[in-house]
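Peer 1: Data: target25.cif, mmCIF, C-alpha atoms and all ligand atoms.
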data_work
#
loop_
_atom_site.label_atom_id
_atom_site.label_comp_id
_atom_site.auth_asym_id
_atom_site.auth_seq_id
_atom_site.Cartn_x
_atom_site.Cartn_y
_atom_site.Cartn_z
CA LYS R 1 1.42 -4.54 3.88
CA ASP R 2 4.56 -3.32 2.15
CA ASP R 3 3.93 -5.43 -0.94
CA SER R 4 0.94 -3.42 -2.06
CA LEU R 5 0.86 0.26 -2.92
CA TYR R 6 -2.57 1.01 -1.51
CA LYS R 7 -2.14 -1.06 1.65
CA ALA R 8 1.11 0.76 2.38
CA MET R 9 -0.73 4.06 1.80
CA GLN R 10 -3.57 3.09 4.13
CA GLN R 11 -1.00 2.02 6.71
CA ARG R 12 0.17 5.65 6.67
CA GLY R 13 -3.39 6.82 7.34
CA ARG R 14 -4.12 8.07 3.81
CA SER R 15 -7.05 7.12 1.63
CA PHE R 16 -6.03 5.78 -1.76
CA ILE R 17 -3.60 4.77 -4.46
CA GLY R 18 -5.31 4.76 -7.82
CA THR R 19 -4.71 4.17 -11.50
CA ALA R 20 -6.28 5.43 -14.72
CA VAL R 21 -8.38 2.72 -16.33
CA THR R 22 -9.39 2.04 -19.90
CA LEU R 23 -11.09 -1.35 -19.93
CA ARG R 24 -9.40 -3.63 -22.42
CA ASN R 25 -8.65 -7.27 -22.90
CA GLU R 26 -5.65 -7.54 -20.55
CA SER R 27 -6.25 -9.89 -17.63
CA ARG R 28 -2.97 -8.85 -15.99
CA GLU R 29 -4.45 -5.39 -15.47
CA THR R 30 -7.27 -6.65 -13.27
CA GLU R 31 -4.79 -8.74 -11.26
CA ILE R 32 -2.49 -5.78 -10.73
CA ILE R 33 -5.40 -3.50 -9.86
CA ASN R 34 -6.64 -5.90 -7.21
CA GLN R 35 -3.19 -6.26 -5.69
CA GLU R 36 -2.02 -2.65 -5.84
CA PHE R 37 -4.87 -0.16 -6.14
CA ASN R 38 -8.04 0.83 -4.29
CA SER R 39 -9.09 3.65 -6.60
CA MET R 40 -9.53 4.15 -10.32
CA THR R 41 -10.06 7.10 -12.66
CA PRO R 42 -11.84 6.37 -15.95
CA GLU R 43 -9.18 7.52 -18.43
CA ASN R 44 -11.56 8.75 -21.14
CA ALA R 45 -14.99 7.17 -20.62
CA MET R 46 -16.66 10.01 -18.69
CA LYS R 47 -15.39 12.90 -20.80
CA TRP R 48 -17.90 15.14 -22.57
CA GLU R 49 -17.23 13.80 -26.09
CA SER R 50 -17.84 10.28 -24.75
CA THR R 51 -20.96 11.05 -22.72
CA GLU R 52 -22.85 13.79 -24.63
CA PRO R 53 -21.66 13.75 -28.26
CA SER R 54 -24.65 15.81 -29.34
CA ARG R 55 -26.94 17.96 -27.25
CA GLY R 56 -29.12 15.94 -24.92
CA ASN R 57 -27.91 12.67 -26.42
CA PHE R 58 -26.29 10.94 -23.46
CA THR R 59 -24.17 7.85 -24.16
CA PHE R 60 -23.27 6.18 -20.90
CA GLU R 61 -22.54 2.60 -21.92
CA ASP R 62 -18.75 2.79 -21.77
CA ALA R 63 -18.68 4.85 -18.58
CA ASP R 64 -21.21 2.51 -16.96
CA ARG R 65 -18.91 -0.44 -17.72
CA HIS R 66 -16.08 1.38 -15.95
CA VAL R 67 -18.29 2.10 -12.94
CA ALA R 68 -19.39 -1.54 -12.81
CA PHE R 69 -15.75 -2.66 -12.98
CA ALA R 70 -14.88 -0.37 -10.06
CA ARG R 71 -17.78 -1.64 -8.00
CA LYS R 72 -16.96 -5.29 -8.73
CA ASN R 73 -13.35 -4.73 -7.68
CA LYS R 74 -14.27 -2.51 -4.70
CA LEU R 75 -12.45 0.54 -5.99
CA GLN R 76 -13.09 4.17 -5.20
CA ILE R 77 -13.87 6.11 -8.37
CA HIS R 78 -12.24 9.43 -9.14
CA CYS R 79 -14.76 10.60 -11.73
CA HIS R 80 -13.19 12.59 -14.56
CA THR R 81 -14.27 15.19 -15.70
CA LEU R 82 -17.30 17.52 -15.93
CA VAL R 83 -16.12 20.86 -17.37
CA TRP R 84 -13.01 20.95 -19.58
CA HIS R 85 -12.00 22.72 -22.79
CA SER R 86 -10.61 19.51 -24.35
CA GLN R 87 -12.36 16.37 -25.56
CA LEU R 88 -15.31 18.71 -25.77
CA PRO R 89 -17.55 18.19 -28.81
CA LEU R 90 -17.81 20.95 -31.39
CA TRP R 91 -21.50 21.44 -30.66
CA VAL R 92 -20.37 22.94 -27.34
CA SER R 93 -17.12 24.67 -28.29
CA ASN R 94 -18.48 26.18 -31.54
CA GLY R 95 -22.07 26.49 -30.41
CA ASN R 96 -22.35 30.31 -30.25
CA PHE R 97 -24.33 30.07 -27.04
CA THR R 98 -25.32 33.02 -24.92
CA ASN R 99 -24.15 33.14 -21.34
CA ALA R 100 -27.52 31.86 -20.07
CA THR R 101 -27.78 29.08 -22.63
CA LEU R 102 -24.23 27.84 -22.05
CA ILE R 103 -24.92 27.71 -18.30
CA GLN R 104 -28.01 25.66 -19.13
CA VAL R 105 -25.91 23.34 -21.33
CA MET R 106 -23.49 22.96 -18.44
CA GLU R 107 -26.27 22.26 -15.97
CA ASP R 108 -27.89 19.65 -18.22
CA HIS R 109 -24.54 17.86 -18.58
CA ILE R 110 -23.58 18.02 -14.91
CA LYS R 111 -27.06 16.96 -13.86
CA ALA R 112 -27.04 13.92 -16.14
CA LEU R 113 -23.59 12.66 -15.10
CA ALA R 114 -23.59 13.58 -11.42
CA THR R 115 -27.04 12.11 -10.88
CA ARG R 116 -26.25 8.92 -12.76
CA TRP R 117 -23.19 8.04 -10.69
CA LYS R 118 -24.20 9.57 -7.38
CA GLY R 119 -22.86 7.30 -4.68
CA ALA R 120 -20.38 5.74 -7.10
CA CYS R 121 -18.10 8.74 -7.53
CA THR R 122 -15.86 9.16 -4.50
CA ARG R 123 -14.47 12.34 -6.05
CA TRP R 124 -15.37 14.39 -9.13
CA ASP R 125 -12.97 16.51 -11.17
CA VAL R 126 -15.52 19.29 -11.59
CA VAL R 127 -13.32 21.68 -13.55
CA ASN R 128 -10.19 20.53 -15.37
CA GLU R 129 -7.23 22.58 -16.64
CA ALA R 130 -8.68 26.09 -16.44
CA LEU R 131 -5.26 27.76 -16.12
CA ASN R 132 -2.44 28.91 -18.38
CA GLU R 133 1.17 28.34 -17.32
CA ASN R 134 1.44 31.93 -16.02
CA GLY R 135 -1.57 31.44 -13.76
CA THR R 136 -4.07 33.40 -15.84
CA TYR R 137 -7.30 31.80 -17.04
CA ARG R 138 -7.11 29.70 -20.17
CA GLU R 139 -9.22 30.86 -23.13
CA SER R 140 -12.10 28.49 -23.72
CA VAL R 141 -15.73 28.60 -24.65
CA TRP R 142 -16.44 28.53 -20.90
CA LEU R 143 -14.29 31.54 -20.03
CA ASN R 144 -15.14 33.49 -23.16
CA THR R 145 -18.90 33.08 -22.78
CA ILE R 146 -19.46 33.00 -19.03
CA GLY R 147 -16.32 34.57 -17.56
CA GLU R 148 -14.50 33.22 -14.50
CA ALA R 149 -17.87 32.62 -12.82
CA TYR R 150 -18.15 29.41 -14.84
CA ILE R 151 -15.87 27.80 -12.27
CA PRO R 152 -17.93 28.45 -9.10
CA ILE R 153 -21.11 27.81 -11.13
CA ALA R 154 -19.82 24.36 -12.13
CA PHE R 155 -19.03 23.54 -8.50
CA ARG R 156 -22.42 24.77 -7.32
CA LEU R 157 -24.14 22.56 -9.89
CA ALA R 158 -21.99 19.54 -9.09
CA LYS R 159 -22.94 19.85 -5.42
CA LYS R 160 -26.61 20.32 -6.36
CA TYR R 161 -26.71 16.97 -8.15
CA ASP R 162 -24.22 14.98 -6.07
CA ASN R 163 -23.81 16.14 -2.51
CA LYS R 164 -21.72 13.09 -1.59
CA ALA R 165 -18.71 13.16 -3.90
CA LYS R 166 -15.69 15.26 -2.96
CA LEU R 167 -15.43 18.04 -5.53
CA PHE R 168 -12.01 18.76 -7.04
CA TYR R 169 -10.32 21.32 -9.24
CA ASN R 170 -7.68 19.45 -11.31
CA ASP R 171 -4.72 20.74 -13.34
CA TYR R 172 -1.18 19.92 -14.53
CA ASN R 173 2.19 21.50 -13.68
CA LEU R 174 0.72 22.79 -10.42
CA GLU R 175 3.27 20.67 -8.54
CA PHE R 176 6.26 22.77 -9.58
CA ASN R 177 5.14 25.93 -11.42
CA ALA R 178 4.60 28.51 -8.66
CA GLU R 179 2.66 30.94 -10.89
CA LYS R 180 0.23 28.24 -11.89
CA THR R 181 -0.04 26.96 -8.31
CA ALA R 182 -0.95 30.51 -7.25
CA GLY R 183 -3.64 30.44 -9.94
CA ALA R 184 -5.08 27.27 -8.42
CA ALA R 185 -5.09 28.87 -4.97
CA ARG R 186 -6.93 31.85 -6.49
CA ILE R 187 -9.52 29.47 -7.94
CA VAL R 188 -10.08 27.84 -4.55
CA LYS R 189 -10.63 31.28 -3.01
CA LEU R 190 -12.89 32.36 -5.87
CA ILE R 191 -15.13 29.33 -5.35
CA GLN R 192 -15.16 29.84 -1.60
CA SER R 193 -16.00 33.54 -2.09
CA TYR R 194 -19.19 32.47 -3.87
CA GLY R 195 -20.12 30.46 -0.77
CA VAL R 196 -19.71 27.29 -2.81
CA LYS R 197 -18.07 24.06 -1.72
CA ILE R 198 -14.72 22.86 -3.07
CA ASP R 199 -13.17 19.86 -1.35
CA GLY R 200 -9.88 19.40 -3.08
CA VAL R 201 -7.25 20.27 -5.63
CA GLY R 202 -5.80 17.61 -7.91
CA TYR R 203 -2.17 17.97 -8.94
CA GLN R 204 -1.91 15.85 -12.07
CA GLY R 205 1.81 15.12 -11.73
CA HIS R 206 2.83 14.57 -15.37
CA VAL R 207 6.51 15.21 -14.72
CA THR R 208 9.96 14.39 -16.10
CA SER R 209 13.15 13.46 -14.25
CA GLU R 210 15.59 14.71 -16.88
CA ASP R 211 15.61 17.29 -19.66
CA THR R 212 13.47 16.12 -22.57
CA PRO R 213 12.35 18.13 -25.60
CA THR R 214 9.03 18.69 -23.87
CA ALA R 215 10.15 18.81 -20.24
CA PRO R 216 8.12 21.52 -18.57
CA ALA R 217 10.85 21.94 -15.92
CA PRO R 218 13.70 20.03 -14.32
CA ALA R 219 12.81 17.11 -12.05
CA PRO R 220 10.90 18.75 -9.22
CA GLU R 221 12.67 18.89 -5.88
CA GLN R 222 11.00 17.64 -2.74
CA LYS R 223 10.68 21.08 -1.14
CA VAL R 224 9.12 22.50 -4.30
CA LEU R 225 6.57 19.69 -4.42
CA GLU R 226 5.65 20.09 -0.76
CA ALA R 227 5.31 23.87 -1.01
CA ALA R 228 3.07 23.47 -4.04
CA LEU R 229 0.78 21.04 -2.24
CA ARG R 230 0.62 23.31 0.80
CA ALA R 231 -0.26 26.36 -1.33
CA THR R 232 -3.80 25.07 -1.69
CA ALA R 233 -3.99 22.62 1.25
CA ASP R 234 -3.45 25.60 3.56
CA LEU R 235 -6.74 27.05 2.26
CA GLY R 236 -8.58 24.17 3.93
CA VAL R 237 -8.99 21.75 1.02
CA ASP R 238 -7.63 18.25 0.46
CA VAL R 239 -4.95 17.71 -2.15
CA ALA R 240 -3.99 14.65 -4.20
CA TYR R 241 -1.77 13.66 -7.07
CA THR R 242 -4.28 12.60 -9.70
CA GLU R 243 -2.41 11.52 -12.86
CA ILE R 244 1.23 10.76 -12.07
CA ASP R 245 3.69 9.63 -14.71
CA VAL R 246 7.43 10.36 -14.99
CA ARG R 247 8.51 10.36 -18.62
CA LEU R 248 12.03 9.85 -20.00
CA ASN R 249 13.81 10.14 -23.30
CA THR R 250 13.78 6.72 -24.90
CA PRO R 251 15.68 4.48 -25.00
CA VAL R 252 16.20 4.67 -21.27
CA THR R 253 19.72 4.49 -19.78
CA ALA R 254 20.78 3.22 -16.36
CA ALA R 255 21.42 6.79 -15.25
CA SER R 256 18.13 8.17 -16.51
CA GLU R 257 16.27 5.33 -14.88
CA ALA R 258 17.98 5.97 -11.54
CA ALA R 259 16.87 9.61 -11.68
CA GLN R 260 13.37 8.46 -12.52
CA VAL R 261 13.22 6.11 -9.52
CA ALA R 262 14.26 8.99 -7.26
CA THR R 263 11.56 11.22 -8.75
CA TRP R 264 8.84 8.66 -8.09
CA GLN R 265 10.08 8.40 -4.52
CA ARG R 266 10.02 12.19 -4.05
CA MET R 267 6.52 12.51 -5.48
CA ALA R 268 5.23 9.99 -2.95
CA ALA R 269 7.26 11.40 -0.08
CA SER R 270 5.95 14.92 -0.77
CA CYS R 271 2.37 13.70 -0.50
CA LEU R 272 3.11 11.89 2.76
CA ALA R 273 4.79 15.04 4.11
CA VAL R 274 1.55 17.02 3.71
CA LYS R 275 -1.25 15.96 6.06
CA LYS R 276 -4.04 16.95 3.70
CA CYS R 277 -2.67 14.88 0.81
CA ILE R 278 -5.22 12.09 0.76
CA GLY R 279 -3.96 9.93 -2.09
CA MET R 280 -2.17 9.47 -5.38
CA THR R 281 -3.27 8.16 -8.76
CA VAL R 282 -0.83 6.96 -11.43
CA TRP R 283 -1.90 7.51 -15.04
CA GLY R 284 -2.11 3.90 -16.17
CA ILE R 285 -0.46 0.60 -15.40
CA SER R 286 1.71 -0.56 -18.29
CA ASP R 287 3.93 1.53 -20.57
CA LYS R 288 2.27 -0.39 -23.39
CA TYR R 289 -0.78 1.88 -23.16
CA SER R 290 0.65 5.12 -21.79
CA TRP R 291 -0.46 8.30 -23.61
CA ILE R 292 3.10 9.68 -23.57
CA PRO R 293 4.78 8.18 -26.69
CA GLY R 294 1.80 9.10 -28.86
CA VAL R 295 1.91 12.74 -27.79
CA PHE R 296 5.63 13.28 -27.04
CA ALA R 297 7.63 11.51 -29.74
CA GLY R 298 10.87 10.04 -28.40
CA GLU R 299 9.66 10.01 -24.80
CA GLY R 300 8.07 7.30 -22.73
CA SER R 301 8.73 4.62 -20.12
CA ALA R 302 6.67 6.78 -17.78
CA LEU R 303 4.78 4.23 -15.68
CA LEU R 304 5.50 1.59 -13.01
CA TRP R 305 5.09 -1.54 -15.16
CA ASP R 306 6.83 -2.19 -18.48
CA GLU R 307 5.20 -3.29 -21.73
CA LYS R 308 5.17 -6.90 -20.51
CA TYR R 309 3.59 -6.00 -17.18
CA GLU R 310 6.85 -6.51 -15.27
CA LYS R 311 7.38 -4.16 -12.33
CA LYS R 312 10.03 -1.53 -13.05
CA PRO R 313 12.55 -0.10 -10.55
CA SER R 314 10.29 2.95 -10.22
CA TYR R 315 7.74 0.77 -8.45
CA ALA R 316 10.14 0.23 -5.55
CA GLY R 317 10.98 3.95 -5.51
CA PHE R 318 7.31 4.91 -5.33
CA LEU R 319 6.62 2.34 -2.60
CA LYS R 320 9.61 3.58 -0.63
CA GLY R 321 8.26 7.12 -0.80
CA ILE R 322 4.93 5.84 0.56
CA THR R 323 6.29 3.73 3.42
CA GLY R 324 9.02 6.22 4.28
CA LYS R 325 11.35 3.27 4.92
O1 LIG K 1 -11.30 6.36 -29.44
C1 LIG K 1 -10.54 6.80 -30.57
C2 LIG K 1 -10.43 5.71 -31.60
O2 LIG K 1 -11.71 5.42 -32.10
C3 LIG K 1 -9.50 6.17 -32.72
O3 LIG K 1 -9.32 5.15 -33.64
C4 LIG K 1 -8.14 6.57 -32.15
C5 LIG K 1 -7.20 7.12 -33.21
O4 LIG K 1 -6.40 8.16 -32.72
O5 LIG K 1 -8.35 7.60 -31.21
C6 LIG K 1 -9.16 7.19 -30.10
O6 LIG K 1 -9.29 8.27 -29.22
C7 LIG K 1 -8.17 8.58 -28.45
C8 LIG K 1 -8.55 8.49 -26.98
O7 LIG K 1 -7.45 8.89 -26.19
C9 LIG K 1 -8.94 7.08 -26.57
O8 LIG K 1 -7.86 6.22 -26.76
C10 LIG K 1 -7.71 9.98 -28.78
O9 LIG K 1 -7.23 10.04 -30.10
C11 LIG K 1 -6.65 10.42 -27.83
O10 LIG K 1 -6.39 11.81 -28.05
C12 LIG K 1 -7.11 10.24 -26.41
O11 LIG K 1 -6.05 10.61 -25.56
C13 LIG K 1 -6.38 10.83 -24.22
C14 LIG K 1 -6.06 12.27 -23.85
O12 LIG K 1 -6.32 12.46 -22.47
C15 LIG K 1 -6.87 13.26 -24.64
O13 LIG K 1 -6.69 14.56 -24.18
C16 LIG K 1 -5.53 9.89 -23.39
O14 LIG K 1 -5.95 8.54 -23.61
C17 LIG K 1 -5.68 10.22 -21.90
O15 LIG K 1 -4.72 9.50 -21.16
C18 LIG K 1 -5.43 11.71 -21.69
O16 LIG K 1 -5.63 12.00 -20.32
C19 LIG K 1 -5.45 13.37 -19.94
C20 LIG K 1 -6.43 13.67 -18.81
O17 LIG K 1 -7.75 13.36 -19.21
C21 LIG K 1 -6.33 15.12 -18.36
N1 LIG K 1 -4.97 15.46 -18.03
C22 LIG K 1 -3.95 15.16 -19.04
C23 LIG K 1 -4.03 13.69 -19.45
C24 LIG K 1 -2.95 13.35 -20.47
O18 LIG K 1 -3.13 14.03 -21.67
#
As structure tokens, how would this structure be written, given the file I've shared?
Ligand code: G3I
Peer 2:
Amino acid sequence: KDDSLYKAMQQRGRSFIGTAVTLRNESRETEIINQEFNSMTPENAMKWESTEPSRGNFTFEDADRHVAFARKNKLQIHCHTLVWHSQLPLWVSNGNFTNATLIQVMEDHIKALATRWKGACTRWDVVNEALNENGTYRESVWLNTIGEAYIPIAFRLAKKYDNKAKLFYNDYNLEFNAEKTAGAARIVKLIQSYGVKIDGVGYQGHVTSEDTPTAPAPAPEQKVLEAALRATADLGVDVAYTEIDVRLNTPVTAASEAAQVATWQRMAASCLAVKKCIGMTVWGISDKYSWIPGVFAGEGSALLWDEKYEKKPSYAGFLKGITGK
């Protein structure tokens, strides 16, 4: 069981190891997914710009292909994402809607997606990235038009149209930035105070293991990671790492790679140290397709397989963090 990430995870009594998926012509990806993963997150296919590019015009072909792929390969699906400020078409963000109309727009969208994949989505990222780094709410059409209530409203609607999926709040830098983690805990309590169900918090886990021009913080220490997970898990929800990658300055050196391996191990070990951490998703398979170099120039090598689909040393570090051996 120790030669497969998800089997090792299940051996430890947890639910899943997943990867982000963009379907493309790479047969190695399907092989690796079948060997290593039991969950997938559609990387872009379910986002608003992909699924409702103009009002009431729902385009599900690409997302449906991803759902069919998951079903064929017996993967859980972490559905991503219903309400987000990014990859949101201009008809929503610049729409000048009233509070009531924007809630209707939200309901129409959530209804269409949640109903379509009811039973297929193991988890839904209901609201994504609602927080600033200091823990306050991020400005967006949602916040500006509806106020903070847009968050519990989104969860109430998600539950209305899919009462099976586990409903998650998902954000980045929660795993080490205490102010932002406190913001996530506040969101959990806000939703609960409305009498609405939230099942989990997703810690994206886009981290670095050395200083880079865009490093949000030094490589997170184990005790910081664990405390961050507990900050929301202690409120009675599940937690998960939902988008892990560990980026480096490129080209990579032996020393920077060693630090990276240790970071992968700590990320996994921190999840295993927290009972309510149900699983971990890595944000892609091969460095060839990682989002990092395109967004952070001069950084990369962030995933577990290299550009030729060879396992990197970080794979062994991550597995070691899962097995604890
Ligand atoms: O589909 C178009 C294509 O037609 C066009 O030719 C090409 C030219 O740039 O762009 C393509 O769209 C790109 C899309 O990925 C699909 O490849 C967008 O430009 C690009 O911005 C988009 O990036 C995605 C990014 O989210 C957008 O915010 C990344 O693939 C995806 O990995 C990334 O994932 C996010 C999570 O959803 C939320 N958390 C952070 C994470 C990393 O940014």
Peer 1: Check which residues fall inside 9 Å of ligand LIG 1 (chain K) when counting all atoms listed in the file, and print them as number ranges by chain.
Peer 2: R: 20, 22, 42-45, 47, 50, 80-81, 84, 86-87, 128-129, 170-172, 204, 206, 242-243, 283-284, 289-292, 294-295
Peer 1: How many Å lie between CA of Gln104 (chain R) and CA of Leu143 (chain R), rounded to one decimal?
Peer 2: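 Rounded to one decimal, the two atoms are 15.0 Å apart.
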Peer 1: Can you work out the spacing between CA of Ala158 (chain R) and CA of Thr281 (chain R) in Å, to one decimal?
Peer 2: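 Separating CA of Ala158 (chain R) from CA of Thr281 (chain R) is a distance of 21.9 Å.
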Peer 1: Just checking: using only C-alpha atoms, which residue out of R:Ile187, R:Gln192, R:Gly119, R:Val126 ends up closest to Asp162 (chain R)?
Peer 2: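 Looking only at the distances to Asp162 (chain R), the closest residue turns out to be R:Gly119.
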Peer 1: Using all atoms listed in the file, find the one residue out of R:Glu148, R:Glu36, R:Glu257, R:Glu133 that sits nearest to Glu179 (chain R).
Peer 2: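 Comparing R:Glu148, R:Glu36, R:Glu257, R:Glu133 against Glu179 (chain R), the winner is R:Glu133.
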Peer 1: Find the distance between CA of Ile278 (chain R) and CA of Phe16 (chain R) and write it in Å to one decimal.
Peer 2: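 Rounded to one decimal, the two atoms are 6.8 Å apart.
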Peer 1: What residues have an atom no more than 12 Å from (-6.0, 33.1, -19.6) in the file's own frame, counting only C-alpha atoms, and can you write them as a list in words?
Peer 2: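 So the residues meeting the distance criterion are Glu129, Ala130, Leu131, Asn132, Glu133, Asn134, Gly135, Thr136, Tyr137, Arg138, Glu139, Ser140, Val141, Trp142, Leu143, Asn144, Gly147, Glu148, Lys180 and Gly183 of chain R.
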Peer 1: Tell me which protein, DNA and RNA residues are within 12 Å of Phe97 (chain R), counting only C-alpha atoms, leaving out same-chain ones fewer than 3 positions away, and put them as a PyMOL selection string.
Peer 2: chain R and resi 91-94+100-106+141-142+144-146
Peer 1: Output C-alpha atoms for every residue in that selection, as a short mmCIF file (atom, residue, chain, number, x, y, z; two decimals), keeping the file's coordinate frame.
Peer 2:
data_model
loop_
_atom_site.label_atom_id
_atom_site.label_comp_id
_atom_site.auth_asym_id
_atom_site.auth_seq_id
_atom_site.Cartn_x
_atom_site.Cartn_y
_atom_site.Cartn_z
CA TRP R 91 -21.50 21.44 -30.66
CA VAL R 92 -20.37 22.94 -27.34
CA SER R 93 -17.12 24.67 -28.29
CA ASN R 94 -18.48 26.18 -31.54
CA ALA R 100 -27.52 31.86 -20.07
CA THR R 101 -27.78 29.08 -22.63
CA LEU R 102 -24.23 27.84 -22.05
CA ILE R 103 -24.92 27.71 -18.30
CA GLN R 104 -28.01 25.66 -19.13
CA VAL R 105 -25.91 23.34 -21.33
CA MET R 106 -23.49 22.96 -18.44
CA VAL R 141 -15.73 28.60 -24.65
CA TRP R 142 -16.44 28.53 -20.90
CA ASN R 144 -15.14 33.49 -23.16
CA THR R 145 -18.90 33.08 -22.78
CA ILE R 146 -19.46 33.00 -19.03
#
Peer 1: Of the candidates R:Thr181, R:Ser54, R:Ser193, R:Ser256, which shows the shortest atom-to-atom distance to Ile151 (chain R), using all atoms listed in the file?
Peer 2: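 That would be R:Ser193, the residue with the smallest distance to Ile151 (chain R).
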Peer 1: For Lys275 (chain R), which of R:Gly236, R:Asp3, R:Thr122, R:Glu29 is the closest residue, counting only C-alpha atoms?
Peer 2: R:Gly236
Peer 1: Give me the residues within 8 Å of region 249-253 of chain R as a ChimeraX atom specification, counting all atoms listed in the file and dropping any in the same chain fewer than 4 places off.
Peer 2: /R:212,257,298-301
Peer 1: Which residues of region 252-283 of chain R come within 9 Å of region 304-313 of chain R, and for each one, what is the closest pair of atoms and their distance in Å to one decimal, counting all atoms listed in the file, sorted by chain and residue number, as JSON lines?
Peer 2:
{"residue": "R:Glu257", "atom": "CA", "partner": "R:Pro313", "partner_atom": "CA", "distance": 7.9}
{"residue": "R:Ala258", "atom": "CA", "partner": "R:Pro313", "partner_atom": "CA", "distance": 8.2}
{"residue": "R:Gln260", "atom": "CA", "partner": "R:Pro313", "partner_atom": "CA", "distance": 8.8}
{"residue": "R:Val261", "atom": "CA", "partner": "R:Pro313", "partner_atom": "CA", "distance": 6.3}
{"residue": "R:Val282", "atom": "CA", "partner": "R:Leu304", "partner_atom": "CA", "distance": 8.4}
Peer 1: Write the residues you've just listed into a file as an mmCIF file, in the frame of the given file, and include C-alpha atoms for each of them.
Peer 2:
data_model
loop_
_atom_site.group_PDB
_atom_site.id
_atom_site.type_symbol
_atom_site.label_atom_id
_atom_site.label_comp_id
_atom_site.auth_asym_id
_atom_site.auth_seq_id
_atom_site.Cartn_x
_atom_site.Cartn_y
_atom_site.Cartn_z
ATOM 1 C CA GLU R 257 16.270 5.330 -14.880
ATOM 2 C CA ALA R 258 17.980 5.970 -11.540
ATOM 3 C CA GLN R 260 13.370 8.460 -12.520
ATOM 4 C CA VAL R 261 13.220 6.110 -9.520
ATOM 5 C CA VAL R 282 -0.830 6.960 -11.430
#
Peer 1: Missing atoms in region 88-101 of chain R: can you complete it with N, CA and C atoms, as a short mmCIF file (atom, residue, chain, number, x, y, z; two decimals), in the frame of the given file?
Peer 2:
data_model
loop_
_atom_site.label_atom_id
_atom_site.label_comp_id
_atom_site.auth_asym_id
_atom_site.auth_seq_id
_atom_site.Cartn_x
_atom_site.Cartn_y
_atom_site.Cartn_z
N LEU R 88 -14.01 18.04 -25.85
CA LEU R 88 -15.31 18.71 -25.77
C LEU R 88 -15.86 18.75 -27.19
N PRO R 89 -17.06 18.22 -27.43
CA PRO R 89 -17.55 18.19 -28.81
C PRO R 89 -17.77 19.59 -29.39
N LEU R 90 -17.68 19.67 -30.70
CA LEU R 90 -17.81 20.95 -31.39
C LEU R 90 -19.17 21.61 -31.14
N TRP R 91 -20.19 20.80 -30.87
CA TRP R 91 -21.50 21.44 -30.66
C TRP R 91 -21.45 22.33 -29.42
N VAL R 92 -20.52 22.05 -28.50
CA VAL R 92 -20.37 22.94 -27.34
C VAL R 92 -19.38 24.06 -27.67
N SER R 93 -18.18 23.66 -28.14
CA SER R 93 -17.12 24.67 -28.29
C SER R 93 -17.43 25.67 -29.40
N ASN R 94 -18.15 25.27 -30.43
CA ASN R 94 -18.48 26.18 -31.54
C ASN R 94 -19.96 26.56 -31.55
N GLY R 95 -20.61 26.41 -30.42
CA GLY R 95 -22.07 26.49 -30.41
C GLY R 95 -22.66 27.89 -30.44
N ASN R 96 -21.83 28.93 -30.28
CA ASN R 96 -22.35 30.31 -30.25
C ASN R 96 -23.48 30.48 -29.24
N PHE R 97 -23.29 29.94 -28.06
CA PHE R 97 -24.33 30.07 -27.04
C PHE R 97 -24.22 31.40 -26.33
N THR R 98 -25.35 31.87 -25.83
CA THR R 98 -25.32 33.02 -24.92
C THR R 98 -24.86 32.52 -23.56
N ASN R 99 -24.53 33.46 -22.70
CA ASN R 99 -24.15 33.14 -21.34
C ASN R 99 -25.21 32.21 -20.69
N ALA R 100 -26.46 32.63 -20.74
CA ALA R 100 -27.52 31.86 -20.07
C ALA R 100 -27.67 30.47 -20.68
N THR R 101 -27.59 30.38 -22.00
CA THR R 101 -27.78 29.08 -22.63
C THR R 101 -26.61 28.15 -22.34
#
